[in-house]
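What follows is the content of structure_15.cif, which has mmCIF, C-alpha atoms:
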data_start
loop_
_atom_site.group_PDB
_atom_site.id
_atom_site.type_symbol
_atom_site.label_atom_id
_atom_site.label_comp_id
_atom_site.auth_asym_id
_atom_site.auth_seq_id
_atom_site.Cartn_x
_atom_site.Cartn_y
_atom_site.Cartn_z
ATOM 1 C CA MET A 718 -4.200 -12.704 -3.303
ATOM 2 C CA THR A 719 -7.874 -12.140 -2.692
ATOM 3 C CA GLU A 720 -8.399 -8.552 -3.868
ATOM 4 C CA ILE A 721 -7.461 -6.598 -6.998
ATOM 5 C CA SER A 722 -6.399 -3.778 -4.673
ATOM 6 C CA LEU A 723 -3.716 -6.080 -3.198
ATOM 7 C CA TYR A 724 -2.309 -6.804 -6.666
ATOM 8 C CA MET A 725 -2.307 -3.053 -7.254
ATOM 9 C CA LEU A 726 -0.410 -2.432 -4.014
ATOM 10 C CA ASP A 727 2.126 -5.146 -4.818
ATOM 11 C CA LEU A 728 2.777 -3.898 -8.359
ATOM 12 C CA VAL A 729 3.207 -0.266 -7.300
ATOM 13 C CA GLN A 730 5.846 -1.404 -4.785
ATOM 14 C CA ASN A 731 7.826 -2.485 -7.872
ATOM 15 C CA SER A 732 7.604 1.084 -9.199
ATOM 16 C CA ILE A 733 8.823 2.440 -5.873
ATOM 17 C CA LEU A 734 11.725 -0.027 -5.816
ATOM 18 C CA ALA A 735 12.557 1.139 -9.354
ATOM 19 C CA LYS A 736 12.983 4.654 -7.877
ATOM 20 C CA ALA A 737 9.942 6.177 -9.567
ATOM 21 C CA SER A 738 8.959 9.633 -8.304
ATOM 22 C CA VAL A 739 5.514 9.597 -9.923
ATOM 23 C CA VAL A 740 3.202 6.607 -10.308
ATOM 24 C CA THR A 741 -0.098 6.908 -12.163
ATOM 25 C CA ILE A 742 -2.698 4.223 -11.514
ATOM 26 C CA THR A 743 -5.893 3.847 -13.505
ATOM 27 C CA MET A 744 -8.635 1.470 -12.431
ATOM 28 C CA ASN A 745 -11.194 1.308 -15.198
ATOM 29 C CA GLU A 746 -14.435 -0.529 -14.522
ATOM 30 C CA ASP A 747 -15.638 -0.561 -18.101
ATOM 31 C CA ILE A 748 -18.864 -2.386 -17.350
ATOM 32 C CA THR A 749 -20.378 -1.499 -20.728
ATOM 33 C CA HIS A 750 -17.684 -3.552 -22.447
ATOM 34 C CA ASN A 751 -17.458 -6.096 -19.623
ATOM 35 C CA ARG A 752 -13.817 -5.290 -18.934
ATOM 36 C CA LEU A 753 -11.775 -4.370 -15.925
ATOM 37 C CA VAL A 754 -8.540 -2.633 -16.890
ATOM 38 C CA LEU A 755 -5.816 -1.769 -14.409
ATOM 39 C CA THR A 756 -2.908 0.266 -15.703
ATOM 40 C CA ILE A 757 0.111 1.396 -13.740
ATOM 41 C CA SER A 758 2.731 3.671 -15.223
ATOM 42 C CA ASP A 759 5.811 5.095 -13.579
ATOM 43 C CA ASN A 760 8.914 7.109 -14.345
ATOM 44 C CA GLY A 761 11.303 4.694 -12.654
ATOM 45 C CA LYS A 762 14.460 3.199 -14.066
ATOM 46 C CA GLY A 763 12.567 0.710 -16.236
ATOM 47 C CA MET A 764 13.839 -2.445 -17.911
ATOM 48 C CA ASP A 765 15.557 -3.466 -21.107
ATOM 49 C CA GLU A 766 13.931 -5.781 -23.649
ATOM 50 C CA ALA A 767 15.644 -8.925 -22.325
ATOM 51 C CA THR A 768 14.444 -8.272 -18.791
ATOM 52 C CA LEU A 769 10.902 -7.540 -19.984
ATOM 53 C CA GLN A 770 10.786 -10.992 -21.547
ATOM 54 C CA GLN A 771 11.507 -12.620 -18.202
ATOM 55 C CA VAL A 772 9.627 -10.559 -15.624
ATOM 56 C CA THR A 773 6.413 -12.552 -15.617
ATOM 57 C CA SER A 774 8.316 -15.754 -14.911
ATOM 58 C CA PRO A 775 8.115 -16.812 -11.259
ATOM 59 C CA PHE A 776 11.811 -17.656 -11.466
ATOM 60 C CA TYR A 777 12.876 -14.126 -12.278
ATOM 61 C CA THR A 778 13.432 -11.636 -9.462
ATOM 62 C CA THR A 779 15.730 -8.762 -8.540
ATOM 63 C CA ARG A 780 15.500 -9.458 -4.849
ATOM 64 C CA THR A 781 18.441 -11.051 -3.152
ATOM 65 C CA THR A 782 16.642 -12.896 -0.364
ATOM 66 C CA ARG A 783 14.890 -15.499 -2.539
ATOM 67 C CA LYS A 784 15.185 -16.940 -6.000
ATOM 68 C CA VAL A 785 11.540 -16.483 -6.890
ATOM 69 C CA GLY A 786 9.514 -13.359 -7.643
ATOM 70 C CA LEU A 787 5.783 -13.780 -7.823
ATOM 71 C CA GLY A 788 4.234 -10.311 -8.101
ATOM 72 C CA LEU A 789 4.038 -9.934 -11.877
ATOM 73 C CA ALA A 790 3.626 -13.691 -12.322
ATOM 74 C CA PHE A 791 0.510 -13.634 -10.112
ATOM 75 C CA MET A 792 -0.974 -10.708 -12.016
ATOM 76 C CA LYS A 793 -0.403 -12.311 -15.406
ATOM 77 C CA GLU A 794 -1.833 -15.609 -14.239
ATOM 78 C CA LEU A 795 -4.943 -13.889 -12.912
ATOM 79 C CA CYS A 796 -5.473 -12.030 -16.206
ATOM 80 C CA ASP A 797 -5.118 -15.290 -18.130
ATOM 81 C CA ALA A 798 -7.562 -17.025 -15.781
ATOM 82 C CA CYS A 799 -10.101 -14.211 -16.281
ATOM 83 C CA SER A 800 -10.060 -14.288 -20.111
ATOM 84 C CA GLY A 801 -7.992 -11.119 -20.204
ATOM 85 C CA SER A 802 -4.516 -10.066 -21.168
ATOM 86 C CA PHE A 803 -1.362 -8.741 -19.584
ATOM 87 C CA GLN A 804 1.204 -6.417 -21.099
ATOM 88 C CA ILE A 805 4.241 -4.613 -19.841
ATOM 89 C CA THR A 806 6.302 -2.109 -21.785
ATOM 90 C CA SER A 807 9.250 0.014 -20.782
ATOM 91 C CA ILE A 808 11.396 2.844 -22.004
ATOM 92 C CA PRO A 809 14.265 2.834 -19.493
ATOM 93 C CA ASN A 810 14.337 5.954 -17.268
ATOM 94 C CA GLN A 811 11.271 7.371 -18.990
ATOM 95 C CA GLU A 812 8.136 5.347 -18.688
ATOM 96 C CA THR A 813 7.311 1.832 -17.641
ATOM 97 C CA MET A 814 3.714 0.815 -18.043
ATOM 98 C CA LEU A 815 1.732 -2.285 -17.357
ATOM 99 C CA GLU A 816 -1.806 -3.067 -18.366
ATOM 100 C CA ALA A 817 -3.858 -5.852 -16.826
ATOM 101 C CA VAL A 818 -7.171 -6.658 -18.460
ATOM 102 C CA MET A 819 -9.817 -8.987 -17.060
ATOM 103 C CA GLN A 820 -13.337 -9.942 -18.057
ATOM 104 C CA TYR A 821 -15.402 -7.858 -15.630
ATOM 105 C CA ASP A 822 -17.988 -10.494 -14.752
ATOM 106 C CA HIS A 823 -15.620 -13.458 -14.874
ATOM 107 C CA ILE A 824 -16.318 -15.832 -12.010
ATOM 108 C CA ASP A 825 -12.622 -15.965 -11.078
ATOM 109 C CA ARG A 826 -12.130 -12.223 -10.982
ATOM 110 C CA PRO A 827 -11.518 -11.123 -7.389
ATOM 111 C CA GLU A 828 -13.373 -8.099 -6.078
ATOM 112 C CA LEU A 829 -11.637 -4.746 -6.086
ATOM 113 C CA GLY A 830 -11.423 -4.810 -2.292
ATOM 114 C CA GLN A 831 -10.078 -2.109 -0.005
ATOM 115 C CA ILE A 832 -8.663 0.316 -2.560
ATOM 116 C CA ALA A 833 -8.505 3.082 0.055
ATOM 117 C CA GLU A 834 -6.257 0.970 2.304
ATOM 118 C CA SER A 835 -3.879 0.170 -0.556
ATOM 119 C CA LEU A 836 -3.748 3.790 -1.723
ATOM 120 C CA TYR A 837 -3.170 5.083 1.783
ATOM 121 C CA SER A 838 -0.284 2.606 2.277
ATOM 122 C CA LEU A 839 1.248 3.861 -0.959
ATOM 123 C CA MET A 840 0.704 7.547 -0.183
ATOM 124 C CA LEU A 841 2.674 7.192 3.056
ATOM 125 C CA GLN A 842 5.773 6.512 0.981
ATOM 126 C CA GLU A 843 7.971 9.070 -0.724
ATOM 127 C CA VAL A 844 6.390 8.913 -4.136
ATOM 128 C CA ARG A 845 3.648 10.879 -5.843
ATOM 129 C CA ILE A 846 0.590 8.709 -6.419
ATOM 130 C CA ILE A 847 -1.998 9.817 -8.968
ATOM 131 C CA TYR A 848 -5.029 7.552 -8.935
ATOM 132 C CA HIS A 849 -7.882 7.545 -11.445
ATOM 133 C CA HIS A 850 -10.983 5.421 -11.044
ATOM 134 C CA TYR A 851 -13.475 5.109 -13.849
ATOM 135 C CA ARG A 852 -16.812 3.333 -13.722
ATOM 136 C CA ASN A 853 -18.215 3.619 -17.217
ATOM 137 C CA ASN A 854 -18.139 7.376 -17.800
ATOM 138 C CA TYR A 855 -17.899 8.416 -14.182
ATOM 139 C CA HIS A 856 -14.490 9.485 -12.962
ATOM 140 C CA PHE A 857 -12.734 10.047 -9.641
ATOM 141 C CA ARG A 858 -9.176 11.282 -9.271
ATOM 142 C CA ILE A 859 -6.903 11.761 -6.298
ATOM 143 C CA ASP A 860 -3.321 13.031 -6.289
ATOM 144 C CA SER A 861 -1.126 12.604 -3.214
ATOM 145 C CA GLU A 862 0.749 15.799 -4.091
ATOM 146 C CA GLU A 863 -2.440 17.838 -3.823
ATOM 147 C CA ILE A 864 -3.204 16.275 -0.451
ATOM 148 C CA ARG A 865 0.313 17.082 0.781
ATOM 149 C CA THR A 866 -0.025 20.666 -0.433
ATOM 150 C CA ILE A 867 -3.236 21.133 1.540
ATOM 151 C CA LEU A 868 -1.670 19.535 4.619
ATOM 152 C CA GLY A 869 1.505 21.623 4.606
ATOM 153 C CA ASP A 870 3.674 20.329 7.438
ATOM 154 C CA VAL A 871 0.920 18.176 8.936
ATOM 155 C CA SER A 872 1.789 14.506 8.482
ATOM 156 C CA LEU A 873 -0.259 12.062 6.409
ATOM 157 C CA ALA A 874 0.227 9.606 9.256
ATOM 158 C CA GLN A 875 -1.823 11.795 11.613
ATOM 159 C CA TYR A 876 -4.863 9.948 12.909
ATOM 160 C CA ASP A 877 -7.498 12.427 11.637
ATOM 161 C CA VAL A 878 -5.755 12.734 8.275
ATOM 162 C CA MET A 879 -5.632 8.941 7.891
ATOM 163 C CA ARG A 880 -9.362 8.672 8.623
ATOM 164 C CA TRP A 881 -10.141 11.445 6.160
ATOM 165 C CA ILE A 882 -8.075 9.995 3.308
ATOM 166 C CA LYS A 883 -9.509 6.488 3.621
ATOM 167 C CA GLU A 884 -13.116 7.590 4.048
ATOM 168 C CA TYR A 885 -12.874 10.191 1.285
ATOM 169 C CA ILE A 886 -11.545 7.638 -1.226
ATOM 170 C CA THR A 887 -14.081 4.986 -0.217
ATOM 171 C CA GLU A 888 -17.014 7.403 -0.458
ATOM 172 C CA GLN A 889 -15.908 8.928 -3.738
ATOM 173 C CA ILE A 890 -15.526 5.524 -5.387
ATOM 174 C CA ALA A 891 -18.796 4.212 -3.959
ATOM 175 C CA GLN A 892 -20.797 7.105 -5.388
ATOM 176 C CA LEU A 893 -19.329 6.882 -8.909
ATOM 177 C CA THR A 894 -22.476 5.293 -10.319
ATOM 178 C CA PRO A 895 -26.008 5.304 -8.964
ATOM 179 C CA MET A 896 -26.825 1.727 -7.962
ATOM 180 C CA GLU A 897 -29.686 1.369 -10.455
ATOM 181 C CA GLU A 898 -27.220 1.815 -13.299
ATOM 182 C CA LEU A 899 -25.082 -1.135 -12.213
ATOM 183 C CA MET B 1245 -19.564 12.816 2.940
ATOM 184 C CA LYS B 1246 -15.950 13.850 3.430
ATOM 185 C CA THR B 1247 -14.862 16.945 1.517
ATOM 186 C CA ILE B 1248 -11.608 18.754 0.767
ATOM 187 C CA GLU B 1249 -12.857 21.475 3.141
ATOM 188 C CA ASP B 1250 -12.832 18.895 5.948
ATOM 189 C CA LEU B 1251 -9.181 18.152 5.219
ATOM 190 C CA LYS B 1252 -8.329 21.858 5.418
ATOM 191 C CA ARG B 1253 -10.101 22.022 8.773
ATOM 192 C CA ILE B 1254 -8.119 18.988 10.024
ATOM 193 C CA ARG B 1255 -4.928 20.749 9.019
ATOM 194 C CA GLU B 1256 -5.851 23.948 10.875
ATOM 195 C CA GLU B 1257 -6.784 22.020 14.002
ATOM 196 C CA ALA B 1258 -3.562 20.022 13.844
ATOM 197 C CA ASN B 1259 -1.581 23.248 13.564
ATOM 198 C CA LYS B 1260 -3.344 24.686 16.617
ATOM 199 C CA LYS B 1261 -2.674 21.555 18.645
ATOM 200 C CA MET B 1262 1.057 22.095 18.757
ATOM 201 C CA THR B 1263 1.174 20.555 22.221
ATOM 202 C CA MET B 1264 2.430 17.257 20.866
ATOM 203 C CA ARG B 1265 3.337 14.702 23.453
ATOM 204 C CA HIS B 1266 7.002 13.961 22.877
ATOM 205 C CA LEU B 1267 8.354 10.594 23.806
ATOM 206 C CA GLU B 1268 11.885 10.716 25.130
ATOM 207 C CA ASP B 1269 13.249 8.489 22.432
ATOM 208 C CA GLY B 1270 12.204 7.670 18.933
ATOM 209 C CA TYR B 1271 11.068 4.375 17.466
ATOM 210 C CA ARG B 1272 10.933 3.170 13.918
ATOM 211 C CA ILE B 1273 8.446 0.461 12.983
ATOM 212 C CA VAL B 1274 9.096 -1.369 9.730
ATOM 213 C CA VAL B 1275 6.593 -3.595 7.904
ATOM 214 C CA GLY B 1276 7.583 -6.020 5.137
ATOM 215 C CA MET B 1277 5.420 -5.221 2.115
ATOM 216 C CA ALA B 1278 6.729 -7.413 -0.692
ATOM 217 C CA THR B 1279 4.482 -9.928 -2.462
ATOM 218 C CA CYS B 1280 4.982 -12.439 0.362
ATOM 219 C CA GLY B 1281 4.046 -9.902 3.042
ATOM 220 C CA ILE B 1282 1.032 -8.542 1.161
ATOM 221 C CA THR B 1283 -0.266 -12.049 0.460
ATOM 222 C CA ALA B 1284 0.112 -12.991 4.129
ATOM 223 C CA GLY B 1285 -1.885 -9.939 5.231
ATOM 224 C CA ALA B 1286 0.623 -7.122 5.766
ATOM 225 C CA ARG B 1287 -1.647 -4.365 4.469
ATOM 226 C CA PRO B 1288 -4.201 -4.452 7.308
ATOM 227 C CA VAL B 1289 -1.311 -4.847 9.774
ATOM 228 C CA LEU B 1290 0.387 -1.717 8.413
ATOM 229 C CA ASN B 1291 -2.872 0.223 8.480
ATOM 230 C CA ALA B 1292 -3.580 -0.875 12.057
ATOM 231 C CA LEU B 1293 -0.060 0.121 13.173
ATOM 232 C CA VAL B 1294 -0.387 3.572 11.578
ATOM 233 C CA GLU B 1295 -3.761 3.953 13.269
ATOM 234 C CA GLU B 1296 -2.404 3.021 16.707
ATOM 235 C CA VAL B 1297 0.672 5.236 16.325
ATOM 236 C CA GLY B 1298 -1.603 8.057 15.102
ATOM 237 C CA LYS B 1299 -3.554 7.845 18.356
ATOM 238 C CA LEU B 1300 -0.346 8.458 20.349
ATOM 239 C CA ASN B 1301 -0.154 11.941 18.804
ATOM 240 C CA THR B 1302 3.632 11.980 18.695
ATOM 241 C CA ASN B 1303 6.117 12.591 15.922
ATOM 242 C CA HIS B 1304 8.758 10.358 17.448
ATOM 243 C CA VAL B 1305 7.449 7.126 15.990
ATOM 244 C CA THR B 1306 7.509 6.408 12.275
ATOM 245 C CA VAL B 1307 5.978 3.484 10.428
ATOM 246 C CA THR B 1308 7.713 2.583 7.171
ATOM 247 C CA GLN B 1309 7.399 -0.096 4.516
ATOM 248 C CA VAL B 1310 10.179 -2.254 3.135
ATOM 249 C CA GLY B 1311 10.485 -5.070 0.634
ATOM 250 C CA CYS B 1312 11.081 -8.732 1.348
ATOM 251 C CA MET B 1313 12.707 -9.453 4.691
ATOM 252 C CA GLY B 1314 13.760 -12.943 3.673
ATOM 253 C CA GLU B 1315 11.512 -15.010 5.921
ATOM 254 C CA CYS B 1316 8.524 -15.238 3.609
ATOM 255 C CA ALA B 1317 6.926 -18.125 5.482
ATOM 256 C CA LEU B 1318 6.779 -16.093 8.688
ATOM 257 C CA GLU B 1319 5.156 -12.977 7.211
ATOM 258 C CA PRO B 1320 3.612 -10.576 8.095
ATOM 259 C CA ILE B 1321 6.850 -9.447 9.752
ATOM 260 C CA VAL B 1322 7.106 -6.262 11.787
ATOM 261 C CA GLU B 1323 10.407 -4.902 13.101
ATOM 262 C CA VAL B 1324 10.776 -2.285 15.798
ATOM 263 C CA PHE B 1325 14.002 -0.259 16.031
ATOM 264 C CA ASP B 1326 14.658 1.844 19.109
ATOM 265 C CA HIS B 1327 16.755 5.029 19.171
ATOM 266 C CA GLU B 1328 19.938 2.996 19.679
ATOM 267 C CA GLY B 1329 19.199 0.867 16.640
ATOM 268 C CA ASN B 1330 18.283 -2.259 18.615
ATOM 269 C CA ARG B 1331 16.054 -4.428 16.512
ATOM 270 C CA THR B 1332 13.091 -6.522 17.637
ATOM 271 C CA THR B 1333 11.508 -8.810 15.059
ATOM 272 C CA TYR B 1334 7.890 -9.889 15.348
ATOM 273 C CA CYS B 1335 6.422 -12.470 13.013
ATOM 274 C CA ARG B 1336 2.998 -13.661 11.852
ATOM 275 C CA VAL B 1337 1.586 -10.402 13.116
ATOM 276 C CA LYS B 1338 -2.166 -9.894 12.909
ATOM 277 C CA PRO B 1339 -3.948 -6.520 12.745
ATOM 278 C CA SER B 1340 -5.247 -7.210 16.258
ATOM 279 C CA ASP B 1341 -1.621 -7.385 17.523
ATOM 280 C CA ALA B 1342 -0.907 -3.789 16.448
ATOM 281 C CA GLN B 1343 -2.436 -2.305 19.556
ATOM 282 C CA ARG B 1344 -0.235 -4.462 21.821
ATOM 283 C CA ILE B 1345 2.938 -3.719 19.897
ATOM 284 C CA VAL B 1346 2.315 0.011 20.057
ATOM 285 C CA SER B 1347 1.058 0.314 23.633
ATOM 286 C CA GLN B 1348 3.350 -2.292 25.188
ATOM 287 C CA HIS B 1349 6.573 -1.944 23.194
ATOM 288 C CA ILE B 1350 6.464 1.748 22.243
ATOM 289 C CA GLY B 1351 4.429 2.979 25.190
ATOM 290 C CA HIS B 1352 5.949 0.891 27.986
ATOM 291 C CA HIS B 1353 9.253 -0.268 26.448
ATOM 292 C CA GLN B 1354 8.301 -3.904 26.984
ATOM 293 C CA ILE B 1355 8.858 -6.436 24.235
ATOM 294 C CA VAL B 1356 5.759 -8.431 23.247
ATOM 295 C CA ASP B 1357 7.248 -11.868 23.970
ATOM 296 C CA ASP B 1358 4.742 -14.173 22.332
ATOM 297 C CA LEU B 1359 5.094 -12.480 18.924
ATOM 298 C CA LEU B 1360 8.873 -12.724 18.763
ATOM 299 C CA ILE B 1361 10.329 -14.504 15.766
ATOM 300 C CA SER B 1362 12.422 -16.634 18.123
ATOM 301 C CA LYS B 1363 9.214 -17.980 19.682
ATOM 302 C CA CYS B 1364 7.673 -18.786 16.322
ATOM 303 C CA LYS B 1365 6.893 -22.424 15.610
ATOM 304 C CA ASN B 1366 7.152 -23.542 12.024
#
Spell out the structure here as structure tokens.
Amino acid sequence: MTEISLYMLDLVQNSILAKASVVTITMNEDITHNRLVLTISDNGKGMDEATLQQVTSPFYTTRTTRKVGLGLAFMKELCDACSGSFQITSIPNQETMLEAVMQYDHIDRPELGQIAESLYSLMLQEVRIIYHHYRNNYHFRIDSEEIRTILGDVSLAQYDVMRWIKEYITEQIAQLTPMEEL
Amino acid sequence: MKTIEDLKRIREEANKKMTMRHLEDGYRIVVGMATCGITAGARPVLNALVEEVGKLNTNHVTVTQVGCMGECALEPIVEVFDHEGNRTTYCRVKPSDAQRIVSQHIGHHQIVDDLLISKCKN
């Protein structure tokens, strides 16, 4: 995968498959400490200790169509390649959380990519998505529930709404830090 | 800059425009969004499909996401279900194909032959 935002999309699909109703994503560009930290936490069904031990193996999967599962394996491999770390913890039916850490300026770290496209794809599904983006001390937050409340019975899939959501997210993230501070 | 006020305005305008063009029968478009699909480029395909369907201004077509469809090597895979449940499977779909799938298949009820999984060469 060529963008961090694609990893994010892939991992949140796991949360949705685990029947989570709320998923909280935090993208932290901690440039001061030269770290990129992506955390995803959900309230899905979670995993027991034995399963947790296996999930980052490419030969572990819950799907029935193939014997391999690469999502978490890809993420862990990328973190390792970027001098970072990868952790996943779970309290079944309460909270499952993963944390992916990468060296921010590592040459192998992919760019963040089209975060707005990934978030919009996720928001179309029946799950509440709360997204935080930090760049040093600057913060942006968007909550799909708040968007749905404003929209009432107007669909998120409406053309104008789609344009607004994607452009709003892109603009808000872009203006997090004045360029001269980067 | 887009603001929350803009979104409220969009909502009010959408509510006013209740003259939605109803298609006679509904369609469901399904996009495979597991790791294999995402890696092969399903995200821009999904976004392009939603965009094209959004332009139709109808509530009779839904675009949904599913997990692995089992033919990882042929992703991105898009399936179209008509109101009778008939399934059409398109494979190796590109974002630029979205317009054809929506206008030809949904709009004119004609299957897009060259994208069919049965026509796909390995």
Taking the file as shown, what set of residues would the PyMOL selection byres ((chain A) within 10 of (chain B)) give back, as a ChimeraX atom specification? /A:718-720,723-724,726-728,730-731,734,780-783,786-789,791,831,834-835,837-839,841-842,864,867-889
For the provided coordinates, the residues matched by the PyMOL selection byres ((chain B and resi 1336) around 6) should be stated as JSON, numbers by chain. {"B": [1318, 1319, 1320, 1335, 1337]}
Using all atoms listed in the file, which residue out of A:Gln811, A:Ser722, A:Ser732, A:Ser738 lies closest to Glu843 (chain A)? A:Ser738
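Minimum distance to Ile805 (chain A) across A:Val772, A:Asp747, A:Ile859, A:Ile733 (counting only C-alpha atoms) occurs at A:Val772.
Each of B:Val1346, B:Leu1293, B:Val1275, B:Ile1321 was compared to Leu1359 (chain B) using only C-alpha atoms, and B:Ile1321 turns out to be the nearest.
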